[in-house]
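S.K.: One structure, pasted below without further comment.
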Amino acid sequence: MVNKKNKIKINPAELGKGLKSVLSVIPDTTKVITDSIEKAAPLIEKQMDRNFEKHKDEIEIPNVIDMKKDEAKSLLESRGFIVSAILQKPEAKFAKAFPDEVVAMFPFSGAVNTGTLIKIYYMDEASITESKAKAMAESGKDILSDLTKGVSSGAKKIFKSDEDKLKQNETELRRLKKLLDEELITQEDFDAEKQEILDRNNPKKIPNLLGKLGKR
């Protein structure tokens with residue numbers, strides 16, 4: 001028995017109506033998008049105008065560090081800024097500054113509105129002198145620290161060297177005592193060798209060593 005597939009019959013008239021309906025929606029969608037853009041355009045332009053008005057008076061702050069105080073003040077004021085010159089407190093890092101030299105400023109950089117307050121910090125003779133004293137004090141601390149480290153390291157080496165020598169002396173004395181006990185050397189030879197060993201270092205550094213060995 002042969003299965004017959006059912007064929008779907010398409011009505012050309014109905015198909016034409018469907019396509020016409022779909023195509024008719026496209027112009028409407030395009031119109032909606034266009035209308036939305038046209039409505040939003042004034043809002044966007046208005047916001048752009050606001051941003052422009054907000055930043056139109058902004059200018060870059062010139063870097064006046066290392067300039068003379070009066071020159072720095074004149075330059076900033078010519079750009080429309082309000083300037084406050086403040087004497088810098090002494091610090092070691094400003095020890096090499098010159099009198100009336102600007103060593104710091106706030107704000108340091110960026111674009112700001114004209115009329116913004118700019119603070120410049122300058123040095124005078126007294127603050128420079130104190131800064132040099134602070135720098136010397138810090139330098140002295142560093143030198144003292146280095147010396148202390150050097151002495152400590154040297155002392156450790158000396159103590160280690162003395163300790164090694166004492167151990168060596170003790171070993172040699174024990175060897176001599178053993179030879180004496182076994183009568184391989186005479187008392188006279190033992191005493192002579194012992195004295196030679198003890199003469200190499202202070203005998204006081206060998207605690208109770210002679211007592212341990214005994215006297216013969």
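In the structure tokens, each chain is lettered A, B, ... as it comes, each chain's residues begin at 1, and ligands are numbered from 1 in order of appearance.
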Can you pull out the residues contacting A:Ala85? Cut-off 12 Å, using only C-alpha atoms, and skip same-chain residues under 3 positions away; I want them as a PyMOL selection string.
M.R.: chain A and resi 64+68-74+76-77+82+88+100-106+117-123
S.K.: Take the residues from that selection and put them in a file with C-alpha atoms, as an mmCIF file, in the first residue's frame.
M.R.:
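Generated output (selection_16.cif):
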data_model
loop_
_atom_site.group_PDB
_atom_site.id
_atom_site.type_symbol
_atom_site.label_atom_id
_atom_site.label_comp_id
_atom_site.auth_asym_id
_atom_site.auth_seq_id
_atom_site.Cartn_x
_atom_site.Cartn_y
_atom_site.Cartn_z
ATOM 1 C CA VAL A 64 54.884 77.117 38.461
ATOM 2 C CA LYS A 68 60.123 82.667 41.846
ATOM 3 C CA LYS A 69 57.096 83.403 44.032
ATOM 4 C CA ASP A 70 56.256 86.767 42.414
ATOM 5 C CA GLU A 71 56.684 85.406 38.873
ATOM 6 C CA ALA A 72 54.487 82.401 39.641
ATOM 7 C CA LYS A 73 51.814 84.618 41.209
ATOM 8 C CA SER A 74 51.799 86.978 38.214
ATOM 9 C CA LEU A 76 48.596 82.472 37.543
ATOM 10 C CA GLU A 77 46.747 85.741 38.035
ATOM 11 C CA ILE A 82 43.142 83.696 42.535
ATOM 12 C CA GLN A 88 56.368 76.238 53.204
ATOM 13 C CA ASP A 100 61.336 82.765 47.271
ATOM 14 C CA GLU A 101 61.341 79.584 45.169
ATOM 15 C CA VAL A 102 57.972 77.848 44.741
ATOM 16 C CA VAL A 103 58.381 74.227 45.895
ATOM 17 C CA ALA A 104 54.754 73.049 45.856
ATOM 18 C CA MET A 105 51.290 74.064 44.653
ATOM 19 C CA PHE A 106 47.667 72.982 44.973
ATOM 20 C CA LEU A 117 42.007 79.525 44.219
ATOM 21 C CA ILE A 118 45.544 78.249 43.605
ATOM 22 C CA LYS A 119 47.873 77.859 46.592
ATOM 23 C CA ILE A 120 51.608 78.170 46.005
ATOM 24 C CA TYR A 121 54.161 77.251 48.681
ATOM 25 C CA TYR A 122 57.520 79.018 48.735
ATOM 26 C CA MET A 123 60.711 79.000 50.828
#
S.K.: Which neighbours of A:Lys132 fall inside 12 Å, counting only C-alpha atoms, when residues of the same chain fewer than 5 positions from it are skipped, and could you give them as a ChimeraX atom specification?
M.R.: /A:90-98,125-127,137-139
